[in-house]
$ cat start-v7.txt   # compact mmCIF, C-alpha atoms
# COMPACT_ATOMS: atom_id res chain seq x y z
CA MET A 739 -15.67 -16.64 32.08
CA ASN A 740 -13.52 -13.83 33.52
CA HIS A 741 -10.27 -15.51 32.71
CA ILE A 742 -11.04 -16.30 29.08
CA PRO A 743 -9.40 -14.00 26.52
CA GLN A 744 -11.81 -11.52 24.96
CA SER A 745 -11.31 -12.76 21.41
CA ILE A 746 -12.44 -16.24 22.49
CA THR A 747 -15.57 -15.07 24.32
CA ASN A 748 -16.41 -12.83 21.35
CA LEU A 749 -16.50 -15.76 18.97
CA ILE A 750 -18.37 -17.96 21.46
CA ASN A 751 -21.04 -15.26 21.73
CA GLN A 752 -21.31 -15.01 17.95
CA PHE A 753 -21.71 -18.76 17.53
CA ALA A 754 -24.29 -18.82 20.34
CA LYS A 755 -26.48 -16.41 18.35
CA LEU A 756 -26.99 -19.04 15.64
CA PRO A 757 -30.20 -21.08 15.78
CA GLY A 758 -29.83 -24.44 17.53
CA ILE A 759 -26.41 -23.58 18.95
CA GLY A 760 -26.24 -23.04 22.70
CA GLN A 761 -23.44 -21.69 24.85
CA LYS A 762 -21.80 -25.11 25.26
CA THR A 763 -21.77 -25.98 21.58
CA ALA A 764 -20.56 -22.45 20.82
CA SER A 765 -17.64 -22.96 23.20
CA ARG A 766 -16.85 -26.34 21.70
CA LEU A 767 -16.82 -24.93 18.16
CA THR A 768 -14.63 -21.98 19.17
CA TYR A 769 -12.07 -24.16 20.93
CA TYR A 770 -12.13 -26.50 17.94
CA LEU A 771 -11.13 -23.56 15.74
CA LEU A 772 -8.39 -22.60 18.21
CA ARG A 773 -6.75 -25.96 17.52
CA LYS A 774 -6.90 -25.34 13.77
CA SER A 775 -4.19 -23.44 11.87
CA GLY A 776 -4.36 -19.67 11.77
CA GLN A 777 -4.93 -19.82 8.01
CA ASP A 778 -7.96 -22.12 8.38
CA VAL A 779 -9.55 -19.70 10.83
CA LEU A 780 -8.78 -16.71 8.61
CA ASP A 781 -10.33 -18.52 5.63
CA PHE A 782 -13.49 -19.10 7.65
CA GLY A 783 -13.57 -15.45 8.75
CA GLN A 784 -13.00 -14.37 5.16
CA ALA A 785 -15.84 -16.56 3.89
CA MET A 786 -18.09 -14.98 6.52
CA THR A 787 -17.03 -11.41 5.73
CA ASN A 788 -17.46 -12.00 1.98
CA LEU A 789 -20.86 -13.68 2.33
CA LYS A 790 -22.95 -10.68 1.34
CA LYS A 791 -20.41 -9.01 -0.93
CA ASN A 792 -21.67 -8.75 -4.53
CA LEU A 793 -24.80 -10.62 -3.47
CA ILE A 794 -28.04 -9.22 -4.85
CA SER A 795 -31.62 -10.35 -5.04
CA CYS A 796 -32.72 -11.57 -8.47
CA SER A 797 -35.49 -9.22 -9.62
CA ARG A 798 -37.37 -12.11 -11.23
CA CYS A 799 -37.26 -14.93 -8.67
CA HIS A 800 -35.99 -13.04 -5.58
CA ASN A 801 -33.32 -15.64 -4.94
CA TYR A 802 -29.83 -14.59 -3.83
CA ALA A 803 -27.67 -14.11 -6.89
CA ASN A 804 -24.47 -12.62 -8.22
CA GLN A 805 -26.09 -11.18 -11.33
CA ASP A 806 -29.61 -10.06 -12.25
CA PRO A 807 -31.40 -12.07 -13.49
CA CYS A 808 -29.86 -14.98 -11.61
CA SER A 809 -28.25 -17.99 -13.27
CA ILE A 810 -31.44 -20.05 -12.91
CA CYS A 811 -33.67 -17.39 -14.52
CA GLN A 812 -31.09 -16.97 -17.30
CA ASP A 813 -30.56 -20.67 -17.97
CA PRO A 814 -31.93 -21.45 -21.49
CA LYS A 815 -32.22 -25.14 -20.58
CA ARG A 816 -34.81 -24.40 -17.88
CA ASP A 817 -38.52 -24.05 -18.48
CA PRO A 818 -39.82 -20.54 -17.65
CA GLN A 819 -43.41 -21.76 -18.06
CA THR A 820 -43.25 -23.80 -14.87
CA ILE A 821 -42.61 -21.87 -11.68
CA CYS A 822 -42.12 -23.38 -8.25
CA VAL A 823 -43.15 -21.05 -5.41
CA ILE A 824 -41.10 -21.52 -2.24
CA GLU A 825 -40.84 -19.75 1.08
CA GLN A 826 -37.07 -19.42 1.46
CA PRO A 827 -34.02 -19.43 -0.85
CA LEU A 828 -32.74 -22.44 1.12
CA ASP A 829 -35.67 -24.49 -0.19
CA ILE A 830 -34.14 -24.27 -3.68
CA ILE A 831 -31.33 -26.59 -2.58
CA ALA A 832 -33.88 -29.27 -1.67
CA VAL A 833 -36.01 -28.82 -4.80
CA GLU A 834 -32.98 -28.78 -7.12
CA LYS A 835 -32.06 -32.25 -5.84
CA THR A 836 -35.34 -33.61 -7.23
CA GLY A 837 -34.21 -32.68 -10.74
CA PHE A 838 -36.79 -29.89 -11.13
CA LYS A 839 -35.95 -27.88 -14.26
CA GLY A 840 -38.38 -24.97 -14.08
CA HIS A 841 -38.00 -21.52 -12.56
CA TYR A 842 -38.52 -20.40 -8.97
CA HIS A 843 -40.29 -17.69 -7.09
CA VAL A 844 -39.03 -17.04 -3.56
CA LEU A 845 -41.65 -15.53 -1.23
CA HIS A 846 -39.14 -14.78 1.57
CA GLY A 847 -41.55 -15.93 4.22
CA ALA A 848 -45.09 -17.15 4.73
CA LEU A 849 -48.25 -15.44 5.93
CA ALA A 850 -48.29 -15.28 9.73
CA PRO A 851 -50.81 -12.68 10.94
CA ILE A 852 -49.96 -13.29 14.61
CA GLU A 853 -46.33 -12.36 13.94
CA GLY A 854 -47.50 -9.44 11.82
CA ILE A 855 -46.43 -10.92 8.50
CA GLY A 856 -49.05 -10.01 5.92
CA PRO A 857 -49.19 -10.33 2.10
CA GLU A 858 -47.33 -7.03 1.73
CA HIS A 859 -44.25 -8.52 3.42
CA LEU A 860 -43.92 -11.28 0.85
CA THR A 861 -43.06 -11.01 -2.86
CA LEU A 862 -46.70 -11.70 -3.79
CA GLU A 863 -47.26 -8.53 -5.85
CA ASN A 864 -44.31 -9.46 -7.99
CA LEU A 865 -45.65 -12.99 -8.40
CA LYS A 866 -48.98 -11.60 -9.61
CA ASN A 867 -47.25 -9.35 -12.14
CA LYS A 868 -45.14 -12.24 -13.32
CA VAL A 869 -48.21 -14.40 -13.93
CA ASN A 870 -50.00 -11.49 -15.66
CA ASN A 871 -47.14 -10.65 -17.98
CA ASN A 872 -45.82 -14.06 -18.88
CA ASP A 873 -47.03 -16.94 -20.89
CA MET A 874 -47.03 -19.28 -17.93
CA PHE A 875 -48.37 -22.79 -17.80
CA GLU A 876 -48.03 -24.17 -14.29
CA LEU A 877 -47.45 -22.69 -10.85
CA ILE A 878 -46.33 -25.30 -8.32
CA ILE A 879 -46.89 -24.09 -4.76
CA ALA A 880 -44.26 -25.67 -2.54
CA THR A 881 -44.78 -23.81 0.71
CA ASN A 882 -44.16 -25.72 3.93
CA PRO A 883 -46.85 -28.16 5.13
CA ASN A 884 -47.72 -26.14 8.23
CA LEU A 885 -50.30 -23.52 9.19
CA GLU A 886 -48.41 -20.56 7.67
CA GLY A 887 -47.51 -22.46 4.51
CA GLU A 888 -51.11 -23.62 4.05
CA ALA A 889 -52.47 -20.11 4.53
CA THR A 890 -49.98 -18.75 2.02
CA ALA A 891 -50.87 -21.42 -0.52
CA ILE A 892 -54.58 -20.67 -0.21
CA TYR A 893 -53.91 -16.93 -0.47
CA ILE A 894 -51.94 -17.44 -3.70
CA GLN A 895 -54.66 -19.67 -5.16
CA ASN A 896 -57.29 -17.00 -4.45
CA MET A 897 -55.05 -14.21 -5.70
CA LEU A 898 -54.56 -15.94 -9.06
CA SER A 899 -58.01 -17.53 -9.40
CA ASP A 900 -58.90 -15.30 -12.37
CA GLN A 901 -55.78 -16.28 -14.28
CA ASN A 902 -55.69 -18.91 -16.98
CA ILE A 903 -52.99 -20.94 -15.27
CA LYS A 904 -52.65 -24.39 -13.74
CA ILE A 905 -51.99 -24.12 -10.02
CA THR A 906 -50.78 -27.24 -8.22
CA ARG A 907 -49.53 -28.06 -4.75
CA LEU A 908 -46.96 -30.65 -3.73
CA ALA A 909 -48.61 -33.90 -2.66
CA PHE A 910 -49.10 -34.64 1.02
CA GLY A 911 -48.73 -38.18 2.25
CA LEU A 912 -46.40 -40.68 3.82
CA PRO A 913 -42.71 -39.82 3.72
CA MET A 914 -40.65 -42.65 2.25
CA GLY A 915 -39.16 -45.21 4.64
CA ILE A 916 -41.45 -44.46 7.56
CA ASP A 917 -43.41 -47.04 9.56
CA LEU A 918 -47.18 -46.56 9.25
CA GLU A 919 -47.68 -46.93 13.00
CA TYR A 920 -45.46 -43.92 13.67
CA THR A 921 -47.26 -41.64 11.21
CA ASP A 922 -49.26 -38.82 12.77
CA GLU A 923 -52.99 -38.80 12.04
CA ILE A 924 -53.01 -35.61 9.95
CA THR A 925 -50.38 -37.00 7.59
CA LEU A 926 -52.22 -40.31 7.40
CA THR A 927 -55.51 -38.54 6.67
CA LYS A 928 -53.79 -36.56 3.90
CA ALA A 929 -52.34 -39.79 2.53
CA PHE A 930 -55.85 -41.34 2.40
CA GLU A 931 -57.28 -38.26 0.73
CA GLY A 932 -54.49 -38.23 -1.84
CA ARG A 933 -54.65 -41.95 -2.68
CA LYS A 934 -54.65 -42.82 -6.36
CA MET B 1237 -25.49 -26.62 -6.01
CA ASN B 1238 -24.49 -25.12 -9.39
CA HIS B 1239 -26.86 -22.22 -9.14
CA ILE B 1240 -25.87 -21.09 -5.66
CA PRO B 1241 -23.61 -18.02 -5.52
CA GLN B 1242 -20.00 -18.87 -4.68
CA SER B 1243 -19.92 -16.78 -1.50
CA ILE B 1244 -22.80 -18.83 -0.11
CA THR B 1245 -21.30 -22.24 -0.93
CA ASN B 1246 -17.96 -21.05 0.49
CA LEU B 1247 -19.51 -20.34 3.88
CA ILE B 1248 -21.58 -23.55 3.80
CA ASN B 1249 -18.38 -25.52 3.21
CA GLN B 1250 -16.62 -23.75 6.08
CA PHE B 1251 -19.49 -24.45 8.51
CA ALA B 1252 -19.60 -28.08 7.36
CA LYS B 1253 -15.97 -28.53 8.46
CA LEU B 1254 -16.97 -27.95 12.08
CA PRO B 1255 -17.51 -31.02 14.26
CA GLY B 1256 -21.14 -32.14 14.52
CA ILE B 1257 -22.27 -29.87 11.68
CA GLY B 1258 -23.31 -31.60 8.46
CA GLN B 1259 -24.06 -30.15 5.05
CA LYS B 1260 -27.72 -29.50 5.89
CA THR B 1261 -27.07 -27.69 9.16
CA ALA B 1262 -24.28 -25.74 7.46
CA SER B 1263 -26.73 -24.59 4.78
CA ARG B 1264 -29.33 -23.67 7.39
CA LEU B 1265 -26.81 -21.59 9.36
CA THR B 1266 -25.55 -19.83 6.24
CA TYR B 1267 -29.05 -18.92 5.04
CA TYR B 1268 -29.87 -17.77 8.56
CA LEU B 1269 -26.95 -15.33 8.36
CA LEU B 1270 -28.12 -14.17 4.92
CA ARG B 1271 -31.31 -12.94 6.55
CA LYS B 1272 -29.31 -11.03 9.18
CA SER B 1273 -28.06 -7.49 8.63
CA GLY B 1274 -24.77 -6.98 6.81
CA GLN B 1275 -23.25 -5.57 10.00
CA ASP B 1276 -24.15 -8.64 12.05
CA VAL B 1277 -22.44 -10.88 9.52
CA LEU B 1278 -19.37 -8.62 9.38
CA ASP B 1279 -19.16 -8.66 13.19
CA PHE B 1280 -19.20 -12.45 13.15
CA GLY B 1281 -16.52 -12.54 10.44
CA GLN B 1282 -14.46 -10.04 12.41
CA ALA B 1283 -14.73 -12.09 15.61
CA MET B 1284 -13.53 -15.11 13.63
CA THR B 1285 -10.64 -13.26 11.98
CA ASN B 1286 -9.55 -11.77 15.32
CA LEU B 1287 -9.77 -15.07 17.21
CA LYS B 1288 -6.06 -15.86 17.20
CA LYS B 1289 -4.78 -12.29 17.11
CA ASN B 1290 -2.71 -11.46 20.21
CA LEU B 1291 -3.48 -14.91 21.55
CA ILE B 1292 -0.52 -16.73 23.09
CA SER B 1293 -0.01 -19.85 25.17
CA CYS B 1294 0.69 -19.19 28.84
CA SER B 1295 4.17 -20.57 29.56
CA ARG B 1296 3.06 -21.79 33.00
CA CYS B 1297 -0.31 -23.43 32.45
CA HIS B 1298 -0.41 -23.66 28.61
CA ASN B 1299 -3.86 -22.13 28.49
CA TYR B 1300 -4.74 -19.59 25.79
CA ALA B 1301 -3.99 -16.12 27.06
CA ASN B 1302 -3.47 -12.48 26.11
CA GLN B 1303 -0.44 -12.05 28.36
CA ASP B 1304 2.20 -14.38 29.80
CA PRO B 1305 1.67 -15.57 32.50
CA CYS B 1306 -2.09 -15.67 31.98
CA SER B 1307 -4.62 -13.93 34.21
CA ILE B 1308 -5.25 -17.13 36.20
CA CYS B 1309 -1.54 -17.77 36.89
CA GLN B 1310 -1.12 -14.10 37.85
CA ASP B 1311 -4.18 -13.88 40.10
CA PRO B 1312 -2.97 -13.38 43.71
CA LYS B 1313 -6.31 -14.66 45.03
CA ARG B 1314 -5.72 -18.12 43.55
CA ASP B 1315 -3.75 -20.89 45.21
CA PRO B 1316 -0.63 -21.88 43.22
CA GLN B 1317 -0.09 -24.89 45.50
CA THR B 1318 -3.12 -26.70 44.03
CA ILE B 1319 -2.95 -27.51 40.36
CA CYS B 1320 -5.72 -29.07 38.33
CA VAL B 1321 -4.46 -31.04 35.30
CA ILE B 1322 -6.85 -31.00 32.36
CA GLU B 1323 -6.74 -32.21 28.78
CA GLN B 1324 -8.04 -29.16 26.92
CA PRO B 1325 -8.35 -25.40 27.57
CA LEU B 1326 -12.12 -25.80 27.12
CA ASP B 1327 -12.20 -27.92 30.31
CA ILE B 1328 -11.28 -24.81 32.29
CA ILE B 1329 -14.73 -23.34 31.63
CA ALA B 1330 -16.35 -26.37 33.27
CA VAL B 1331 -13.95 -26.51 36.23
CA GLU B 1332 -14.20 -22.75 36.87
CA LYS B 1333 -17.96 -23.17 37.34
CA THR B 1334 -17.32 -25.45 40.34
CA GLY B 1335 -15.62 -22.55 42.12
CA PHE B 1336 -12.13 -24.09 41.93
CA LYS B 1337 -9.58 -21.46 42.97
CA GLY B 1338 -6.27 -23.16 42.22
CA HIS B 1339 -4.09 -23.10 39.14
CA TYR B 1340 -4.32 -25.20 35.99
CA HIS B 1341 -2.08 -27.25 33.78
CA VAL B 1342 -3.37 -27.88 30.26
CA LEU B 1343 -1.99 -31.06 28.66
CA HIS B 1344 -3.38 -30.23 25.20
CA GLY B 1345 -4.46 -33.81 24.65
CA ALA B 1346 -4.32 -37.27 26.19
CA LEU B 1347 -2.12 -40.28 25.55
CA ALA B 1348 -3.42 -42.22 22.55
CA PRO B 1349 -0.73 -44.57 21.23
CA ILE B 1350 -2.99 -45.84 18.41
CA GLU B 1351 -3.33 -42.30 17.08
CA GLY B 1352 0.38 -41.74 17.62
CA ILE B 1353 0.00 -39.36 20.55
CA GLY B 1354 2.76 -40.13 23.05
CA PRO B 1355 3.97 -38.33 26.19
CA GLU B 1356 6.20 -36.07 24.07
CA HIS B 1357 3.12 -34.56 22.40
CA LEU B 1358 1.66 -33.37 25.70
CA THR B 1359 2.99 -30.73 28.09
CA LEU B 1360 4.15 -33.42 30.53
CA GLU B 1361 7.81 -32.38 30.67
CA ASN B 1362 6.72 -28.93 31.71
CA LEU B 1363 4.43 -30.39 34.37
CA LYS B 1364 7.33 -32.38 35.80
CA ASN B 1365 9.54 -29.28 35.95
CA LYS B 1366 6.76 -27.35 37.59
CA VAL B 1367 6.35 -29.95 40.33
CA ASN B 1368 10.15 -30.13 40.80
CA ASN B 1369 10.65 -26.40 41.09
CA ASN B 1370 7.63 -25.36 43.07
CA ASP B 1371 6.43 -25.80 46.55
CA MET B 1372 3.33 -27.67 45.50
CA PHE B 1373 0.83 -29.40 47.69
CA GLU B 1374 -1.80 -31.12 45.58
CA LEU B 1375 -2.10 -32.16 41.95
CA ILE B 1376 -5.70 -32.90 40.92
CA ILE B 1377 -5.82 -34.99 37.77
CA ALA B 1378 -9.02 -34.13 35.91
CA THR B 1379 -8.48 -35.97 32.63
CA ASN B 1380 -11.56 -37.37 30.92
CA PRO B 1381 -13.03 -40.63 32.27
CA ASN B 1382 -12.19 -42.66 29.17
CA LEU B 1383 -9.35 -44.92 27.99
CA GLU B 1384 -7.01 -42.10 26.95
CA GLY B 1385 -7.76 -40.01 30.02
CA GLU B 1386 -7.18 -42.98 32.32
CA ALA B 1387 -3.90 -43.86 30.62
CA THR B 1388 -2.75 -40.25 30.92
CA ALA B 1389 -3.68 -40.12 34.61
CA ILE B 1390 -1.73 -43.31 35.35
CA TYR B 1391 1.26 -42.03 33.36
CA ILE B 1392 1.32 -38.80 35.39
CA GLN B 1393 1.03 -40.70 38.68
CA ASN B 1394 4.01 -42.88 37.71
CA MET B 1395 6.01 -39.91 36.41
CA LEU B 1396 5.64 -38.06 39.71
CA SER B 1397 5.74 -41.05 42.09
CA ASP B 1398 9.12 -39.97 43.54
CA GLN B 1399 7.83 -36.48 44.36
CA ASN B 1400 6.58 -35.42 47.77
CA ILE B 1401 3.20 -34.32 46.50
CA LYS B 1402 -0.40 -35.32 46.98
CA ILE B 1403 -1.87 -36.62 43.72
CA THR B 1404 -5.65 -37.02 43.52
CA ARG B 1405 -8.16 -37.85 40.83
CA LEU B 1406 -11.72 -36.59 40.42
CA ALA B 1407 -14.23 -39.04 41.90
CA PHE B 1408 -16.07 -41.43 39.63
CA GLY B 1409 -19.67 -42.29 40.41
CA LEU B 1410 -23.25 -41.53 39.61
CA PRO B 1411 -23.90 -38.21 37.87
CA MET B 1412 -26.51 -36.15 39.72
CA GLY B 1413 -30.14 -36.50 38.66
CA ILE B 1414 -29.77 -39.81 36.86
CA ASP B 1415 -31.94 -42.90 37.43
CA LEU B 1416 -30.00 -45.84 38.79
CA GLU B 1417 -31.55 -48.23 36.27
CA TYR B 1418 -30.12 -46.24 33.36
CA THR B 1419 -26.57 -46.15 34.74
CA ASP B 1420 -24.02 -48.24 32.83
CA GLU B 1421 -22.31 -51.01 34.76
CA ILE B 1422 -18.82 -49.47 34.72
CA THR B 1423 -20.07 -46.24 36.29
CA LEU B 1424 -22.09 -48.22 38.84
CA THR B 1425 -19.07 -50.36 39.70
CA LYS B 1426 -17.00 -47.19 40.19
CA ALA B 1427 -19.76 -45.74 42.37
CA PHE B 1428 -19.67 -48.89 44.55
CA GLU B 1429 -15.88 -48.77 44.79
CA GLY B 1430 -15.95 -45.10 45.74
CA ARG B 1431 -18.69 -45.42 48.36
CA LYS B 1432 -18.04 -43.65 51.64

$ encode --input "start-v7.txt" --output "structure tokens"
Amino acid sequence: MNHIPQSITNLINQFAKLPGIGQKTASRLTYYLLRKSGQDVLDFGQAMTNLKKNLISCSRCHNYANQDPCSICQDPKRDPQTICVIEQPLDIIAVEKTGFKGHYHVLHGALAPIEGIGPEHLTLENLKNKVNNNDMFELIIATNPNLEGEATAIYIQNMLSDQNIKITRLAFGLPMGIDLEYTDEITLTKAFEGRK
Amino acid sequence: MNHIPQSITNLINQFAKLPGIGQKTASRLTYYLLRKSGQDVLDFGQAMTNLKKNLISCSRCHNYANQDPCSICQDPKRDPQTICVIEQPLDIIAVEKTGFKGHYHVLHGALAPIEGIGPEHLTLENLKNKVNNNDMFELIIATNPNLEGEATAIYIQNMLSDQNIKITRLAFGLPMGIDLEYTDEITLTKAFEGRK
């Protein structure tokens, strides 16, 4: 890569740092941008540079926001008595599409002792305070269906066991549109257990 | 996406414009960057903004360069009598890895009449002048092995048929490491034709 201008290799290296993007894809994306107009590339750079400007963490739900509390926590049309607990802010995009109209609580991770992520690294203390101080009705735990997500869900259930609050978890079972023969046995077992 | 801060949706939309990156991947990449330090994100934005700064097109080979002629055309260790004709500047990265030590000529595309790309849109005139004015020995046509690349290769061969110059094409045949039974019939036919 000796003969490639520095500004090109710089951007290739930046793209290659992104998850799921290797050196080849990074090169392809960079050379794609080289064929675009200068303004298009500047707009992209500007969007990147501005990403974190004026961005704060909502003190109630810990989601990224422009004001505190965030627009979801402030929305009078949403139900503050129902709170959906999620691992990452990105999960909100998926949950919003279901038409959920409650509030959120972003944990910013899941318990992973092997990686050194304990309860103190998540926003669990804040969740406990929120449940203590608010007239809450239902806490929906929507952590990911994997080892870390399961552990986190159980930890939250134990942490709040003395509270007068309904704690639910998202249902496990068959994803829509799948063929039964291709379903893994853990999912199928969960689907049997959850039958109604 | 009403409740997502504008700076986040802006970057998602920019990522989603890239080839092979849909809305979901764009969101994932953006939220990945949100977890990175502010400096990392600024560096990425800076690399993007600086991409086209001081970048020119080499007047000899039409590759992106910082100076004219570019570092490849200026390199005394490279052979100016052998020129490899490629469609895009990105192809140089691949060819360089083979250890090729000649010069390049970037066409910036391939003939595609249906999409309205004719000979006048490529750097063919310049290639002709180069062959006329230089003491050249071999022109290696390394256009892509598809319809447009083939058409471009044939066009160049015809254009330079009156010149005293050796014109070659990259060999077609089996890619290394593949199983014969998975090879498509056109590739296999080419491999038979090119047997030696």

$ closest_atom_pairs --input "start-v7.txt" --of "chain B" --to "chain A" --cutoff "7 Å" --atoms "all atoms listed in the file" --output "Markdown table"
| residue | atom | partner | partner_atom | distance |
| --- | --- | --- | --- | --- |
| B:Met1237 | CA | A:Ile831 | CA | 6.8 |
| B:His1239 | CA | A:Ser809 | CA | 6.1 |
| B:Pro1241 | CA | A:Ala803 | CA | 5.8 |
| B:Ser1243 | CA | A:Leu789 | CA | 5.0 |
| B:Ile1244 | CA | A:Leu789 | CA | 6.0 |
| B:Asn1246 | CA | A:Ala785 | CA | 6.0 |
| B:Leu1247 | CA | A:Ala785 | CA | 5.3 |
| B:Gln1250 | CA | A:Phe782 | CA | 5.8 |
| B:Leu1254 | CA | A:Leu767 | CA | 6.8 |
| B:Leu1265 | CA | A:Leu756 | CA | 6.8 |
| B:Tyr1267 | CA | A:Leu828 | CA | 6.4 |
| B:Gly1274 | CA | A:Lys790 | CA | 6.9 |
| B:Val1277 | CA | A:Thr787 | CA | 6.6 |
| B:Leu1278 | CA | A:Thr787 | CA | 5.2 |
| B:Phe1280 | CA | A:Gln752 | CA | 5.8 |
| B:Gly1281 | CA | A:Gly783 | CA | 4.5 |
| B:Gln1282 | CA | A:Gly783 | CA | 6.6 |
| B:Ala1283 | CA | A:Leu749 | CA | 5.3 |
| B:Met1284 | CA | A:Gly783 | CA | 4.9 |
| B:Thr1285 | CA | A:Gly783 | CA | 4.9 |
| B:Asn1286 | CA | A:Ser745 | CA | 6.4 |
| B:Leu1287 | CA | A:Ser745 | CA | 5.0 |
| B:Lys1288 | CA | A:Gly776 | CA | 6.8 |
| B:Ala1301 | CA | A:Pro743 | CA | 5.8 |
| B:Asn1302 | CA | A:Pro743 | CA | 6.1 |
| B:Ser1307 | CA | A:His741 | CA | 6.1 |
| B:Ile1308 | CA | A:His741 | CA | 6.3 |
| B:Leu1326 | CA | A:Tyr769 | CA | 6.4 |
| B:Ile1329 | CA | A:Met739 | CA | 6.8 |

$ write_last_selection --input "start-v7.txt" --atoms "C-alpha atoms" --output "tab-separated table (two decimals), keeping the file's coordinate frame"
chain	number	residue	atom	x	y	z
B	1237	MET	CA	-25.49	-26.62	-6.01
B	1239	HIS	CA	-26.86	-22.22	-9.14
B	1241	PRO	CA	-23.61	-18.02	-5.52
B	1243	SER	CA	-19.92	-16.78	-1.50
B	1244	ILE	CA	-22.80	-18.83	-0.11
B	1246	ASN	CA	-17.96	-21.05	0.49
B	1247	LEU	CA	-19.51	-20.34	3.88
B	1250	GLN	CA	-16.62	-23.75	6.08
B	1254	LEU	CA	-16.97	-27.95	12.08
B	1265	LEU	CA	-26.81	-21.59	9.36
B	1267	TYR	CA	-29.05	-18.92	5.04
B	1274	GLY	CA	-24.77	-6.98	6.81
B	1277	VAL	CA	-22.44	-10.88	9.52
B	1278	LEU	CA	-19.37	-8.62	9.38
B	1280	PHE	CA	-19.20	-12.45	13.15
B	1281	GLY	CA	-16.52	-12.54	10.44
B	1282	GLN	CA	-14.46	-10.04	12.41
B	1283	ALA	CA	-14.73	-12.09	15.61
B	1284	MET	CA	-13.53	-15.11	13.63
B	1285	THR	CA	-10.64	-13.26	11.98
B	1286	ASN	CA	-9.55	-11.77	15.32
B	1287	LEU	CA	-9.77	-15.07	17.21
B	1288	LYS	CA	-6.06	-15.86	17.20
B	1301	ALA	CA	-3.99	-16.12	27.06
B	1302	ASN	CA	-3.47	-12.48	26.11
B	1307	SER	CA	-4.62	-13.93	34.21
B	1308	ILE	CA	-5.25	-17.13	36.20
B	1326	LEU	CA	-12.12	-25.80	27.12
B	1329	ILE	CA	-14.73	-23.34	31.63

$ calpha_fit_rmsd --input "start-v7.txt" --fixed "chain A" --moving "chain B"
0.1 Å

$ atom_distance --input "start-v7.txt" --atom1 "atom CA of A:Leu862" --atom2 "atom CA of A:Gln812"
21.3 Å

$ residues_near_point --input "start-v7.txt" --point "(-44.2, -28.8, -1.1)" --cutoff "7 Å" --atoms "all atoms listed in the file" --output "ChimeraX atom specification"
/A:879-883,907-909

$ write_last_selection --input "start-v7.txt" --atoms "C-alpha atoms" --output "PDB file, in the frame of the given file"
ATOM      1  CA  ILE A 879     -46.890 -24.090  -4.760  1.00  0.00           C
ATOM      2  CA  ALA A 880     -44.260 -25.670  -2.540  1.00  0.00           C
ATOM      3  CA  THR A 881     -44.780 -23.810   0.710  1.00  0.00           C
ATOM      4  CA  ASN A 882     -44.160 -25.720   3.930  1.00  0.00           C
ATOM      5  CA  PRO A 883     -46.850 -28.160   5.130  1.00  0.00           C
ATOM      6  CA  ARG A 907     -49.530 -28.060  -4.750  1.00  0.00           C
ATOM      7  CA  LEU A 908     -46.960 -30.650  -3.730  1.00  0.00           C
ATOM      8  CA  ALA A 909     -48.610 -33.900  -2.660  1.00  0.00           C
TER       9      ALA A 909
END

$ closest_residue --input "start-v7.txt" --among "A:Asp817, A:Glu886, A:Asp873, A:Glu825" --to "A:Leu849" --atoms "all atoms listed in the file"
A:Glu886

$ residues_around --input "start-v7.txt" --residues "A:Leu865" --least-positions-apart "6" --cutoff "10 Å" --atoms "all atoms listed in the file" --output "number ranges by chain"
A: 798-799, 821, 823, 843-845, 871, 894, 897-898

$ atom_distance --input "start-v7.txt" --atom1 "atom CA of A:His841" --atom2 "atom CA of A:Gly887"
19.6 Å

$ residues_around --input "start-v7.txt" --residues "B:Leu1383" --least-positions-apart "3" --cutoff "12 Å" --atoms "all atoms listed in the file" --output "tab-separated table (two decimals) with C-alpha atoms, in the frame of the given file"
chain	number	residue	atom	x	y	z
B	1346	ALA	CA	-4.32	-37.27	26.19
B	1347	LEU	CA	-2.12	-40.28	25.55
B	1348	ALA	CA	-3.42	-42.22	22.55
B	1349	PRO	CA	-0.73	-44.57	21.23
B	1350	ILE	CA	-2.99	-45.84	18.41
B	1379	THR	CA	-8.48	-35.97	32.63
B	1380	ASN	CA	-11.56	-37.37	30.92
B	1386	GLU	CA	-7.18	-42.98	32.32
B	1387	ALA	CA	-3.90	-43.86	30.62
B	1388	THR	CA	-2.75	-40.25	30.92
B	1389	ALA	CA	-3.68	-40.12	34.61
B	1390	ILE	CA	-1.73	-43.31	35.35

$ atom_distance --input "start-v7.txt" --atom1 "atom CA of A:Phe875" --atom2 "atom CA of A:Arg816"
13.7 Å

$ residues_around --input "start-v7.txt" --residues "A:Asn902" --least-positions-apart "2" --cutoff "12 Å" --atoms "all atoms listed in the file" --output "ChimeraX atom specification"
/A:869-877,895,898-900,904-905

$ axis_aligned_box --input "start-v7.txt" --around "stretch 820-836 of chain A" --padding-each-side "6 Å" --output "AutoDock Vina command-line options"
--center_x -37.3 --center_y -26.5 --center_z -6.7 --size_x 23.9 --size_y 26.2 --size_z 28.3
